[in-house]
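Listing of protein.pdb; format and content: PDB, C-alpha atoms.
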ATOM      1  CA  MET A  24      41.770 -27.947 -18.536
ATOM      2  CA  LYS A  25      38.912 -29.109 -20.731
ATOM      3  CA  ASN A  26      36.795 -29.897 -17.656
ATOM      4  CA  TYR A  27      37.575 -26.505 -16.155
ATOM      5  CA  LEU A  28      36.477 -24.775 -19.362
ATOM      6  CA  MET A  29      33.223 -26.765 -19.494
ATOM      7  CA  LEU A  30      32.513 -25.888 -15.866
ATOM      8  CA  LEU A  31      33.153 -22.201 -16.532
ATOM      9  CA  ILE A  32      30.872 -22.183 -19.587
ATOM     10  CA  SER A  33      28.047 -23.949 -17.744
ATOM     11  CA  VAL A  34      28.277 -21.489 -14.827
ATOM     12  CA  PHE A  35      28.168 -18.598 -17.302
ATOM     13  CA  PHE A  36      25.023 -19.931 -19.034
ATOM     14  CA  PHE A  37      23.339 -20.717 -15.743
ATOM     15  CA  SER A  38      23.930 -17.215 -14.415
ATOM     16  CA  CYS A  39      22.616 -15.625 -17.623
ATOM     17  CA  GLN A  40      19.339 -17.534 -17.466
ATOM     18  CA  GLN A  41      18.361 -16.601 -13.917
ATOM     19  CA  LYS A  42      15.412 -14.268 -13.799
ATOM     20  CA  GLU A  43      15.394 -11.209 -11.631
ATOM     21  CA  ILE A  44      13.128 -11.697  -8.626
ATOM     22  CA  LYS A  45      11.332  -8.557  -7.611
ATOM     23  CA  LYS A  46      10.631  -8.351  -3.902
ATOM     24  CA  VAL A  47       7.618  -6.423  -2.775
ATOM     25  CA  SER A  48       8.051  -5.287   0.762
ATOM     26  CA  VAL A  49       5.952  -3.069   2.925
ATOM     27  CA  PRO A  50       8.103  -1.477   5.593
ATOM     28  CA  LEU A  51       5.839  -1.494   8.629
ATOM     29  CA  SER A  52       8.090   0.342  11.027
ATOM     30  CA  GLU A  53       8.609   3.532   9.036
ATOM     31  CA  PRO A  54       7.421   6.572  10.944
ATOM     32  CA  VAL A  55       5.118   8.800   8.955
ATOM     33  CA  SER A  56       5.426  12.498   9.632
ATOM     34  CA  ALA A  57       5.348  15.745   7.724
ATOM     35  CA  LYS A  58       9.007  16.440   8.467
ATOM     36  CA  GLU A  59      10.246  13.129   7.101
ATOM     37  CA  ASN A  60       8.062  13.035   3.991
ATOM     38  CA  LYS A  61       7.549  16.130   1.910
ATOM     39  CA  GLU A  62       5.180  14.314  -0.464
ATOM     40  CA  GLU A  63       2.406  13.700   2.046
ATOM     41  CA  ASN A  64      -1.132  13.129   0.805
ATOM     42  CA  LYS A  65       0.230  12.339  -2.688
ATOM     43  CA  GLN A  66       1.048   8.985  -4.258
ATOM     44  CA  VAL A  67       4.755   8.289  -4.639
ATOM     45  CA  GLY A  68       5.340   4.952  -6.335
ATOM     46  CA  ASP A  69       2.862   2.621  -4.684
ATOM     47  CA  THR A  70       2.525   4.540  -1.403
ATOM     48  CA  ILE A  71       0.435   7.476  -0.216
ATOM     49  CA  PHE A  72       1.606   9.072   3.031
ATOM     50  CA  VAL A  73      -1.287  10.796   4.814
ATOM     51  CA  ASN A  74      -0.973  13.240   7.682
ATOM     52  CA  LEU A  75      -4.093  12.959   9.874
ATOM     53  CA  THR A  76      -3.297  15.933  12.072
ATOM     54  CA  ASN A  77      -5.342  18.786  10.616
ATOM     55  CA  GLU A  78      -8.176  20.346  12.604
ATOM     56  CA  LYS A  79     -10.959  18.768  10.536
ATOM     57  CA  GLY A  80      -9.600  15.231  10.627
ATOM     58  CA  SER A  81     -10.737  14.541   7.059
ATOM     59  CA  PHE A  82      -8.626  14.139   3.962
ATOM     60  CA  ASN A  83      -9.147  13.558   0.275
ATOM     61  CA  THR A  84      -6.248  12.261  -1.794
ATOM     62  CA  GLU A  85      -5.851  10.824  -5.265
ATOM     63  CA  GLY A  86      -4.186   7.555  -6.205
ATOM     64  CA  THR A  87      -3.636   5.441  -9.302
ATOM     65  CA  LEU A  88      -3.720   1.696  -9.859
ATOM     66  CA  ASP A  89      -1.934   0.467 -12.969
ATOM     67  CA  SER A  90      -0.260  -2.674 -14.255
ATOM     68  CA  ILE A  91       2.935  -1.851 -12.360
ATOM     69  CA  HIS A  92       1.298  -0.803  -9.086
ATOM     70  CA  SER A  93      -1.590  -3.243  -8.615
ATOM     71  CA  ARG A  94      -1.789  -2.259  -4.936
ATOM     72  CA  VAL A  95      -1.539   1.113  -3.264
ATOM     73  CA  TYR A  96      -0.484   1.489   0.364
ATOM     74  CA  VAL A  97      -1.976   4.370   2.366
ATOM     75  CA  LYS A  98       0.207   4.995   5.419
ATOM     76  CA  PHE A  99      -0.760   7.184   8.338
ATOM     77  CA  LYS A 100      -0.003   7.605  12.006
ATOM     78  CA  SER A 101      -2.615   7.730  14.741
ATOM     79  CA  GLU A 102      -1.631   9.064  18.150
ATOM     80  CA  GLU A 103      -5.067   9.426  19.694
ATOM     81  CA  GLY A 104      -7.136   6.510  18.426
ATOM     82  CA  GLY A 105     -10.776   7.055  17.535
ATOM     83  CA  LYS A 106     -12.865   5.963  14.606
ATOM     84  CA  LEU A 107     -11.657   5.865  11.010
ATOM     85  CA  ASN A 108     -14.124   6.205   8.149
ATOM     86  CA  ALA A 109     -12.658   5.706   4.684
ATOM     87  CA  LYS A 110     -14.164   5.615   1.221
ATOM     88  CA  ILE A 111     -12.818   4.850  -2.263
ATOM     89  CA  LEU A 112     -14.305   6.747  -5.188
ATOM     90  CA  PRO A 113     -13.186   5.380  -8.595
ATOM     91  CA  ALA A 114     -12.852   7.948 -11.393
ATOM     92  CA  GLY A 115     -15.465   6.178 -13.510
ATOM     93  CA  GLY A 116     -17.949   5.806 -10.683
ATOM     94  CA  LYS A 117     -17.734   2.018 -10.477
ATOM     95  CA  GLY A 118     -14.919  -0.467 -10.627
ATOM     96  CA  ASN A 119     -13.370  -3.551  -9.115
ATOM     97  CA  ILE A 120     -11.467  -1.727  -6.368
ATOM     98  CA  ARG A 121     -11.624  -2.123  -2.597
ATOM     99  CA  PHE A 122      -9.831  -1.831   0.716
ATOM    100  CA  ASN A 123      -8.003  -5.163   0.754
ATOM    101  CA  GLN A 124      -6.494  -4.938   4.206
ATOM    102  CA  ILE A 125      -5.599  -2.726   7.149
ATOM    103  CA  ILE A 126      -2.366  -3.434   8.998
ATOM    104  CA  PHE A 127      -2.307  -2.285  12.605
ATOM    105  CA  PRO A 128       0.738  -0.964  14.510
ATOM    106  CA  ASP A 129       1.201  -4.342  16.265
ATOM    107  CA  LYS A 130       1.519  -5.983  12.789
ATOM    108  CA  THR A 131      -1.882  -7.706  12.959
ATOM    109  CA  SER A 132      -4.293  -7.141  10.096
ATOM    110  CA  ASP A 133      -7.948  -7.208   9.167
ATOM    111  CA  GLY A 134      -9.787  -7.376   5.871
ATOM    112  CA  PRO A 135     -10.885  -7.579   3.147
ATOM    113  CA  PHE A 136     -13.403  -4.771   3.071
ATOM    114  CA  GLY A 137     -15.433  -3.121   0.326
ATOM    115  CA  MET A 138     -15.230   0.400  -1.013
ATOM    116  CA  ASP A 139     -16.125   1.699   2.464
ATOM    117  CA  LEU A 140     -14.146   1.108   5.625
ATOM    118  CA  GLU A 141     -15.254   1.907   9.161
ATOM    119  CA  ILE A 142     -12.958   0.737  11.951
ATOM    120  CA  GLN A 143     -11.869   1.653  15.471
ATOM    121  CA  LEU A 144      -8.264   2.790  15.814
ATOM    122  CA  LYS A 145      -7.494   1.385  19.250
ATOM    123  CA  GLN A 146      -3.697   1.376  18.983
ATOM    124  CA  LYS A 147      -1.259   4.242  18.747
ATOM    125  CA  GLY A 148       1.237   4.085  15.922
ATOM    126  CA  ASN A 149       1.574   3.557  12.175
ATOM    127  CA  TYR A 150      -1.279   2.081  10.159
ATOM    128  CA  ILE A 151      -1.214   0.843   6.572
ATOM    129  CA  ILE A 152      -4.305   0.479   4.395
ATOM    130  CA  VAL A 153      -3.879  -1.700   1.296
ATOM    131  CA  ILE A 154      -6.037  -0.761  -1.701
ATOM    132  CA  GLY A 155      -6.357  -3.011  -4.736
ATOM    133  CA  HIS A 156      -8.818  -4.993  -6.789
ATOM    134  CA  SER A 157     -10.818  -7.955  -5.597
ATOM    135  CA  GLN A 158      -9.212 -11.124  -6.883
ATOM    136  CA  MET A 159     -12.575 -12.885  -6.601
ATOM    137  CA  ALA A 160     -13.987 -10.701  -9.396
ATOM    138  CA  ASP A 161     -13.062 -10.160 -13.034
ATOM    139  CA  ASN A 162     -11.520  -7.099 -14.636
ATOM    140  CA  PRO A 163      -9.060  -5.541 -12.186
ATOM    141  CA  TYR A 164      -9.459  -1.793 -11.847
ATOM    142  CA  LEU A 165      -6.838   0.324 -13.599
ATOM    143  CA  GLY A 166      -6.956   4.080 -13.335
ATOM    144  CA  LYS A 167      -7.336   6.946 -10.911
ATOM    145  CA  PHE A 168      -9.378   6.969  -7.731
ATOM    146  CA  ASN A 169      -9.957   9.219  -4.743
ATOM    147  CA  VAL A 170      -9.579   8.120  -1.149
ATOM    148  CA  GLN A 171     -11.462   9.977   1.548
ATOM    149  CA  LEU A 172     -10.268   9.466   5.125
ATOM    150  CA  GLU A 173     -11.978  10.858   8.179
ATOM    151  CA  SER A 174     -10.708  10.317  11.703
ATOM    152  CA  ARG A 175     -12.898  11.174  14.685
ATOM    153  CA  LYS A 176     -11.999  10.999  18.343
ATOM    154  CA  GLU A 177     -14.395   9.068  20.551
TER     155      GLU A 177
END

Here is the file; what I need is its structure written in the form of C-alpha cells.
Amino acid sequence: MKNYLMLLISVFFFSCQQKEIKKVSVPLSEPVSAKENKEENKQVGDTIFVNLTNEKGSFNTEGTLDSIHSRVYVKFKSEEGGKLNAKILPAGGKGNIRFNQIIFPDKTSDGPFGMDLEIQLKQKGNYIIVIGHSQMADNPYLGKFNVQLESRKE
C-alpha cells in the first residue's frame, strides 16, 4: 500500500510539471475562397486570406507582427498562374521584416527574400507566403505593415 501511494504521488507531481507544448502548424491543403472565409484580405490570428480574383489583380492589406505572432501567413489561390509581385511596407518606413518563404501548391518552397518578392506562379493551387523578421539581423520588427500583392497573367 505504501508503494502504491508513493507511485501515485510521483505520477501526480510528474504530470503537474509537464509544460504545455504549443504546436505551430500551417495547414497547406486548406482551400482559400471568398465563400469559405468571410475575413478575406484581413489578418485573423496569424493568417491573412487574400482573394486574387478582382479585375485589377492588385491588393493592399494590413498585417501585424507582435510577440505572439512572430510570423504572418498570407494565403491565396492561383488558378491561372502568371507573375506575382509583392512588397512589404512597414508602418515606420524601415524595419527588420521580410518575405521569409513562399510555399507552392506541391509543398515545395523557396526563400528567403527581402521586402520585395517577384516570382512566377507556375502551378495552380494554394500558395502561402510567410512574412517575418530576418533572424540574421538584430531587433525583430514588431508592429503594423502593409502588404501589396499584384498578380499579372503572362

Residues of stretch 63-150 of chain A that have any atom at most 6 Å from an atom of stretch 160-165 of chain A: could you tabulate them with the shortest-distance atom pair and the distance in Å to one decimal, using only C-alpha atoms, ordered by chain and increasing number, as CSV?
residue,atom,partner,partner_atom,distance
A:Leu88,CA,A:Leu165,CA,5.1
A:Asp89,CA,A:Leu165,CA,4.9
A:Gly118,CA,A:Tyr164,CA,5.7
A:Asn119,CA,A:Tyr164,CA,5.1
A:Ile120,CA,A:Tyr164,CA,5.8

What does the file look like for those residues with C-alpha atoms, as a compact mmCIF listing (two decimals), in the coordinates of the input?
# COMPACT_ATOMS: atom_id res chain seq x y z
CA LEU A 88 -3.72 1.70 -9.86
CA ASP A 89 -1.93 0.47 -12.97
CA GLY A 118 -14.92 -0.47 -10.63
CA ASN A 119 -13.37 -3.55 -9.12
CA ILE A 120 -11.47 -1.73 -6.37

Pairwise distance for atom CA of A:Gly155 and atom CA of A:Arg121, rounded to one decimal in Å: 5.8 Å

For stretch 112-116 of chain A, take all atoms listed in the file, fit an axis-aligned box around them, add 4 Å to each of the six sides, then output centre and edge lengths in Å rounded to one decimal, as JSON.
{"center_x": -15.4, "center_y": 6.7, "center_z": -9.3, "size_x": 13.1, "size_y": 10.6, "size_z": 16.3}

Neighbour residues at most 7 Å from (0.2, 1.9, 15.7) (all atoms listed in the file) as a list in words: Lys100, Ser101, Phe127, Pro128, Asp129, Gln146, Lys147, Gly148, Asn149 and Tyr150 of chain A

Selection dump of the PyMOL selection byres ((chain A and resi 106) around 9), as a list in words: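 This file gives the following for the PyMOL selection byres ((chain A and resi 106) around 9): Gly104, Gly105, Leu107, Asn108, Glu141, Ile142, Gln143, Leu144, Lys145, Glu173, Ser174, Arg175, Lys176 and Glu177 of chain A.
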
Answer key for the PyMOL selection byres ((chain A and resi 67) around 12), residues as a VMD selection string: chain A and resid 60 to 66 68 to 73 85 to 88 92 95 to 98

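If only C-alpha atoms are the atoms counted, then among A:Ile126, A:Leu112, A:Met29, A:Ile151 the closest residue to A:Asn169 is A:Leu112.
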
Residue among A:Asp139, A:Lys130, A:Arg94, A:Lys110 lying closest to A:Val153, counting only C-alpha atoms: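 Of all the options, A:Arg94 lies closest to A:Val153.
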
Distance in Å - atom CA of A:Gly116 versus atom CA of A:Ile154: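 The value is 16.3 Å.
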
Using all atoms listed in the file: which of A:Gln158, A:Ile152, A:Ile125, A:Gly166 has the shortest distance to A:Ile91: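 Smallest separation from A:Ile91 among the options: A:Gly166.
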
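Going from atom CA of A:Thr131 to atom CA of A:Leu172 covers 20.7 Å.
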